[in-house]
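Here's work-v5.cif, which has mmCIF, C-alpha atoms:
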data_structure
loop_
_atom_site.group_PDB
_atom_site.id
_atom_site.type_symbol
_atom_site.label_atom_id
_atom_site.label_comp_id
_atom_site.auth_asym_id
_atom_site.auth_seq_id
_atom_site.Cartn_x
_atom_site.Cartn_y
_atom_site.Cartn_z
ATOM 1 C CA GLN A 20 50.873 -94.070 -38.058
ATOM 2 C CA GLY A 21 54.318 -95.596 -38.175
ATOM 3 C CA SER A 22 56.956 -96.117 -35.554
ATOM 4 C CA TYR A 23 60.061 -94.730 -37.256
ATOM 5 C CA LEU A 24 61.432 -91.398 -38.412
ATOM 6 C CA PHE A 25 62.184 -90.980 -42.095
ATOM 7 C CA SER A 26 64.678 -88.776 -43.929
ATOM 8 C CA LEU A 27 64.972 -88.718 -47.714
ATOM 9 C CA GLY A 28 67.309 -86.712 -49.880
ATOM 10 C CA GLN A 29 70.703 -86.767 -51.507
ATOM 11 C CA ILE A 30 73.239 -87.720 -48.878
ATOM 12 C CA THR A 31 75.073 -84.465 -48.431
ATOM 13 C CA ARG A 32 75.884 -82.190 -45.509
ATOM 14 C CA HIS A 33 73.410 -79.473 -46.477
ATOM 15 C CA LYS A 34 70.533 -82.018 -46.425
ATOM 16 C CA GLY A 35 71.387 -82.566 -42.748
ATOM 17 C CA GLN A 36 71.047 -86.306 -42.251
ATOM 18 C CA HIS A 37 73.472 -85.995 -39.312
ATOM 19 C CA HIS A 38 70.831 -83.843 -37.579
ATOM 20 C CA ALA A 39 68.199 -86.540 -38.194
ATOM 21 C CA ILE A 40 70.547 -89.065 -36.589
ATOM 22 C CA ALA A 41 71.000 -86.815 -33.539
ATOM 23 C CA VAL A 42 67.208 -86.480 -33.198
ATOM 24 C CA ALA A 43 66.691 -90.250 -33.473
ATOM 25 C CA LYS A 44 69.319 -90.914 -30.833
ATOM 26 C CA LYS A 45 67.819 -88.359 -28.430
ATOM 27 C CA THR A 46 64.279 -89.672 -28.845
ATOM 28 C CA GLY A 47 65.099 -93.377 -29.045
ATOM 29 C CA LEU A 48 63.048 -93.683 -32.240
ATOM 30 C CA ASP A 49 64.255 -95.697 -35.203
ATOM 31 C CA LEU A 50 65.402 -93.736 -38.245
ATOM 32 C CA ILE A 51 65.395 -94.749 -41.885
ATOM 33 C CA ILE A 52 67.583 -92.660 -44.177
ATOM 34 C CA ALA A 53 67.120 -92.904 -47.935
ATOM 35 C CA GLY A 54 68.777 -91.139 -50.817
ATOM 36 C CA ASN A 55 71.594 -91.309 -53.268
ATOM 37 C CA ILE A 56 75.251 -90.689 -52.620
ATOM 38 C CA SER A 57 77.007 -88.918 -55.460
ATOM 39 C CA GLU A 58 79.315 -91.288 -57.326
ATOM 40 C CA ASP A 59 80.984 -88.394 -59.135
ATOM 41 C CA PRO A 60 84.718 -88.785 -58.393
ATOM 42 C CA THR A 61 85.133 -84.999 -58.424
ATOM 43 C CA ASP A 62 82.530 -84.760 -55.630
ATOM 44 C CA SER A 63 84.170 -86.834 -52.917
ATOM 45 C CA GLU A 64 82.797 -84.500 -50.227
ATOM 46 C CA ASP A 65 79.459 -86.350 -50.131
ATOM 47 C CA ARG A 66 81.160 -89.747 -49.850
ATOM 48 C CA ILE A 67 83.371 -88.447 -47.033
ATOM 49 C CA TYR A 68 80.274 -87.034 -45.289
ATOM 50 C CA PHE A 69 78.499 -90.401 -45.539
ATOM 51 C CA ASP A 70 81.530 -92.403 -44.415
ATOM 52 C CA SER A 71 82.370 -90.151 -41.458
ATOM 53 C CA GLU A 72 78.995 -88.858 -40.213
ATOM 54 C CA ILE A 73 76.345 -91.345 -41.310
ATOM 55 C CA LYS A 74 77.879 -94.800 -41.663
ATOM 56 C CA PRO A 75 79.318 -95.004 -38.101
ATOM 57 C CA HIS A 76 75.791 -94.612 -36.673
ATOM 58 C CA LEU A 77 74.124 -97.283 -38.799
ATOM 59 C CA GLY A 78 72.818 -100.339 -37.000
ATOM 60 C CA ASP A 79 69.591 -101.797 -35.669
ATOM 61 C CA SER A 80 67.855 -98.484 -34.992
ATOM 62 C CA ILE A 81 69.390 -96.300 -37.733
ATOM 63 C CA LYS A 82 69.307 -97.719 -41.245
ATOM 64 C CA TYR A 83 70.399 -96.449 -44.638
ATOM 65 C CA VAL A 84 68.312 -97.995 -47.440
ATOM 66 C CA GLY A 85 69.861 -96.231 -50.451
ATOM 67 C CA GLU A 86 67.983 -94.693 -53.331
ATOM 68 C CA LEU A 87 64.255 -95.509 -53.597
ATOM 69 C CA ASN A 88 61.861 -95.727 -56.513
ATOM 70 C CA ASP A 89 58.442 -94.035 -56.336
ATOM 71 C CA LYS A 90 56.616 -97.152 -55.108
ATOM 72 C CA GLN A 91 59.166 -97.689 -52.312
ATOM 73 C CA LYS A 92 59.061 -94.006 -51.310
ATOM 74 C CA LYS A 93 55.281 -94.130 -50.892
ATOM 75 C CA VAL A 94 55.549 -97.057 -48.484
ATOM 76 C CA PHE A 95 58.326 -95.467 -46.418
ATOM 77 C CA PHE A 96 56.490 -92.123 -46.269
ATOM 78 C CA ARG A 97 53.134 -93.717 -45.443
ATOM 79 C CA ASP A 98 54.501 -95.912 -42.657
ATOM 80 C CA ALA A 99 56.673 -93.240 -41.006
ATOM 81 C CA TYR A 100 55.833 -91.602 -37.687
ATOM 82 C CA ALA A 101 57.259 -88.330 -39.026
ATOM 83 C CA PHE A 102 59.385 -87.067 -41.891
ATOM 84 C CA LEU A 103 62.454 -85.037 -40.894
ATOM 85 C CA MET A 104 63.797 -82.312 -43.199
ATOM 86 C CA PRO A 105 66.833 -80.779 -41.451
ATOM 87 C CA ILE A 106 68.201 -78.816 -44.404
ATOM 88 C CA SER A 107 70.726 -76.030 -43.986
ATOM 89 C CA CYS A 108 70.272 -74.515 -47.449
ATOM 90 C CA ASN A 109 67.507 -72.381 -48.912
ATOM 91 C CA GLU A 110 65.962 -74.816 -51.362
ATOM 92 C CA ALA A 111 63.532 -73.368 -53.875
ATOM 93 C CA PHE A 112 60.967 -76.133 -53.346
ATOM 94 C CA GLY A 113 60.701 -79.212 -51.145
ATOM 95 C CA LEU A 114 59.232 -81.967 -53.303
ATOM 96 C CA VAL A 115 59.932 -84.612 -50.632
ATOM 97 C CA VAL A 116 57.919 -82.519 -48.167
ATOM 98 C CA ILE A 117 54.958 -82.573 -50.573
ATOM 99 C CA GLU A 118 55.361 -86.327 -51.056
ATOM 100 C CA SER A 119 55.385 -86.923 -47.307
ATOM 101 C CA LEU A 120 52.284 -84.827 -46.712
ATOM 102 C CA ALA A 121 50.493 -86.488 -49.648
ATOM 103 C CA CYS A 122 51.061 -89.817 -47.883
ATOM 104 C CA GLY A 123 49.588 -88.379 -44.678
ATOM 105 C CA THR A 124 52.885 -88.139 -42.815
ATOM 106 C CA PRO A 125 53.599 -84.960 -40.849
ATOM 107 C CA VAL A 126 56.857 -83.100 -41.436
ATOM 108 C CA ILE A 127 59.259 -81.457 -39.028
ATOM 109 C CA ALA A 128 61.560 -79.236 -41.036
ATOM 110 C CA PHE A 129 64.146 -76.546 -40.571
ATOM 111 C CA SER A 130 62.489 -73.281 -41.569
ATOM 112 C CA ARG A 131 64.548 -72.560 -44.697
ATOM 113 C CA GLY A 132 63.849 -71.625 -48.301
ATOM 114 C CA ALA A 133 60.360 -72.493 -49.522
ATOM 115 C CA ILE A 134 59.593 -74.873 -46.655
ATOM 116 C CA PRO A 135 57.523 -72.272 -44.712
ATOM 117 C CA GLU A 136 55.275 -71.977 -47.776
ATOM 118 C CA ILE A 137 54.437 -75.685 -47.514
ATOM 119 C CA ILE A 138 54.403 -76.430 -43.787
ATOM 120 C CA GLU A 139 51.624 -74.897 -41.720
ATOM 121 C CA HIS A 140 53.193 -74.875 -38.262
ATOM 122 C CA GLY A 141 51.076 -76.975 -35.922
ATOM 123 C CA LYS A 142 48.698 -78.148 -38.664
ATOM 124 C CA ASN A 143 50.598 -80.408 -41.087
ATOM 125 C CA GLY A 144 53.945 -80.323 -39.324
ATOM 126 C CA PHE A 145 56.323 -78.061 -37.470
ATOM 127 C CA LEU A 146 58.878 -75.465 -38.548
ATOM 128 C CA VAL A 147 61.987 -75.458 -36.384
ATOM 129 C CA GLU A 148 65.397 -73.817 -36.300
ATOM 130 C CA ASP A 149 67.665 -76.668 -35.190
ATOM 131 C CA ALA A 150 67.893 -80.352 -34.208
ATOM 132 C CA GLU A 151 67.194 -79.589 -30.562
ATOM 133 C CA GLU A 152 63.909 -77.905 -31.434
ATOM 134 C CA MET A 153 63.142 -80.735 -33.877
ATOM 135 C CA THR A 154 63.551 -83.194 -31.003
ATOM 136 C CA ARG A 155 61.175 -81.191 -28.797
ATOM 137 C CA TYR A 156 58.472 -80.984 -31.453
ATOM 138 C CA LEU A 157 58.525 -84.735 -32.042
ATOM 139 C CA SER A 158 56.733 -85.078 -28.709
ATOM 140 C CA ARG A 159 53.853 -83.101 -30.280
ATOM 141 C CA ILE A 160 53.610 -85.006 -33.559
ATOM 142 C CA ASP A 161 50.410 -86.767 -32.411
ATOM 143 C CA GLU A 162 48.679 -83.356 -32.463
ATOM 144 C CA ILE A 163 48.930 -83.407 -36.258
ATOM 145 C CA ASP A 164 45.955 -84.831 -38.164
ATOM 146 C CA ARG A 165 47.363 -87.109 -40.849
ATOM 147 C CA GLU A 166 44.277 -86.659 -43.014
ATOM 148 C CA TYR A 167 44.810 -82.888 -42.863
ATOM 149 C CA CYS A 168 48.380 -83.438 -44.110
ATOM 150 C CA ARG A 169 46.959 -84.994 -47.278
ATOM 151 C CA LYS A 170 44.323 -82.308 -47.698
ATOM 152 C CA SER A 171 46.870 -79.520 -47.270
ATOM 153 C CA VAL A 172 48.752 -80.792 -50.324
ATOM 154 C CA LEU A 173 45.636 -81.264 -52.406
ATOM 155 C CA ASN A 174 44.458 -77.755 -51.546
ATOM 156 C CA LYS A 175 47.728 -76.144 -52.671
ATOM 157 C CA PHE A 176 49.413 -78.479 -55.147
ATOM 158 C CA ASP A 177 46.746 -80.484 -56.964
ATOM 159 C CA ILE A 178 47.659 -80.695 -60.667
ATOM 160 C CA SER A 179 44.416 -79.059 -61.863
ATOM 161 C CA LEU A 180 44.890 -76.192 -59.400
ATOM 162 C CA ILE A 181 48.527 -75.655 -60.432
ATOM 163 C CA SER A 182 47.570 -75.830 -64.138
ATOM 164 C CA GLU A 183 44.892 -73.177 -63.628
ATOM 165 C CA LYS A 184 47.386 -70.899 -61.875
ATOM 166 C CA TYR A 185 49.864 -71.262 -64.751
ATOM 167 C CA ILE A 186 47.144 -70.403 -67.252
ATOM 168 C CA GLN A 187 46.280 -67.289 -65.225
ATOM 169 C CA VAL A 188 49.916 -66.191 -65.177
ATOM 170 C CA TYR A 189 50.264 -66.673 -68.944
ATOM 171 C CA GLU A 190 47.028 -64.800 -69.594
ATOM 172 C CA ASP A 191 48.234 -61.916 -67.397
ATOM 173 C CA VAL A 192 51.534 -61.756 -69.285
ATOM 174 C CA ILE A 193 49.745 -61.747 -72.636
ATOM 175 C CA ARG A 194 47.347 -58.980 -71.508
ATOM 176 C CA ARG A 195 50.207 -56.814 -70.220
ATOM 177 C CA SER A 196 52.238 -57.247 -73.395
ATOM 178 C CA LYS A 197 49.439 -55.894 -75.640
#
Write the structure described by the file as structure tokens, please.
Amino acid sequence: QGSYLFSLGQITRHKGQHHAIAVAKKTGLDLIIAGNISEDPTDSEDRIYFDSEIKPHLGDSIKYVGELNDKQKKVFFRDAYAFLMPISCNEAFGLVVIESLACGTPVIAFSRGAIPEIIEHGKNGFLVEDAEEMTRYLSRIDEIDREYCRKSVLNKFDISLISEKYIQVYEDVIRRSK
């Protein structure tokens, strides 16, 4: 179990890194933020967000490490105390949540989009509504069994299991079309 909080995703307001910073400051825990910042000149909003709401808080306890490759992500996930997912949008699927759980790291996430289909509240993480609630649930992160985090992903998202489900769907479609 690590000693820092981790947040990974494109640096943009709807990913909520500013909420992760607020949580880190309230708890006194270190925070590592990773992800890309759009370099598209027509999308200056993300750069402005980073420069005004992330960069001023960077220092000894809050670090931005940029974009990570798969090997680096595994290390950061594995060594984190908890993964924070403070998104404000309804994402269709949270791949970073799956990656965190696969590394045995519990997740505290805003209950949006598909996240409630992945996080089992109180078992592999916590579903919350805002940064204040996220801060409160961090005090309960030790209740989460890190081995169960891994198993929860394998039980739902293992490649052979997913493949079998796709085959079933295709077979159902073929049967119905006859």
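Applied to the file shown here, the PyMOL selection byres ((chain A and resi 146) around 6) selects the residues Ala128, Phe129, Ser130, His140, Phe145 and Val147 of chain A.
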Selection under test: the PyMOL selection byres ((chain A and resi 96-105) around 8); residues as a CSV table (one decimal) with C-alpha atoms, in the coordinates of the input:
chain,number,residue,atom,x,y,z
A,20,GLN,CA,50.9,-94.1,-38.1
A,21,GLY,CA,54.3,-95.6,-38.2
A,22,SER,CA,57.0,-96.1,-35.6
A,23,TYR,CA,60.1,-94.7,-37.3
A,24,LEU,CA,61.4,-91.4,-38.4
A,25,PHE,CA,62.2,-91.0,-42.1
A,26,SER,CA,64.7,-88.8,-43.9
A,27,LEU,CA,65.0,-88.7,-47.7
A,34,LYS,CA,70.5,-82.0,-46.4
A,35,GLY,CA,71.4,-82.6,-42.7
A,36,GLN,CA,71.0,-86.3,-42.3
A,38,HIS,CA,70.8,-83.8,-37.6
A,39,ALA,CA,68.2,-86.5,-38.2
A,92,LYS,CA,59.1,-94.0,-51.3
A,93,LYS,CA,55.3,-94.1,-50.9
A,94,VAL,CA,55.5,-97.1,-48.5
A,95,PHE,CA,58.3,-95.5,-46.4
A,106,ILE,CA,68.2,-78.8,-44.4
A,107,SER,CA,70.7,-76.0,-44.0
A,116,VAL,CA,57.9,-82.5,-48.2
A,118,GLU,CA,55.4,-86.3,-51.1
A,119,SER,CA,55.4,-86.9,-47.3
A,122,CYS,CA,51.1,-89.8,-47.9
A,123,GLY,CA,49.6,-88.4,-44.7
A,124,THR,CA,52.9,-88.1,-42.8
A,125,PRO,CA,53.6,-85.0,-40.8
A,126,VAL,CA,56.9,-83.1,-41.4
A,127,ILE,CA,59.3,-81.5,-39.0
A,128,ALA,CA,61.6,-79.2,-41.0
A,129,PHE,CA,64.1,-76.5,-40.6
A,149,ASP,CA,67.7,-76.7,-35.2
A,150,ALA,CA,67.9,-80.4,-34.2
A,157,LEU,CA,58.5,-84.7,-32.0
A,160,ILE,CA,53.6,-85.0,-33.6
Between CA of Ser71 in chain A and CA of Met153 in chain A, what is the distance, to one decimal in Å? 22.7 Å
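Residue selection for this entry, given the PyMOL selection byres ((chain A and resi 72) around 12), comprises Ile30, Thr31, Arg32, Gly35, Gln36, His37, His38, Ala39, Ile40, Ala41, Glu64, Asp65, Arg66, Ile67, Tyr68, Phe69, Asp70, Ser71, Ile73, Lys74, Pro75, His76 and Leu77 of chain A.
Between Gly141 in chain A and the candidates A:Leu87, A:Val188, A:Ile163, A:Ile193, the tightest atom-to-atom separation, counting only C-alpha atoms, involves A:Ile163.
If you look at CA of Gln187 in chain A and CA of Leu114 in chain A, they are 22.9 Å away from each other.
Atom pair CA of Asp89 in chain A / CA of Ile134 in chain A: separated by 21.5 Å.
Minimum distance to Arg159 in chain A across A:Gln29, A:Asn174, A:Asn88, A:Asn143 (counting all atoms listed in the file) occurs at A:Asn143.
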Hey, could you pull the box centre and edge lengths for range 84-90 of chain A, axis-aligned, 4 Å padding per side, all listed atoms, to one decimal in Å, as JSON?
{"center_x": 63.2, "center_y": -96.0, "center_z": -52.0, "size_x": 21.2, "size_y": 12.0, "size_z": 17.1}
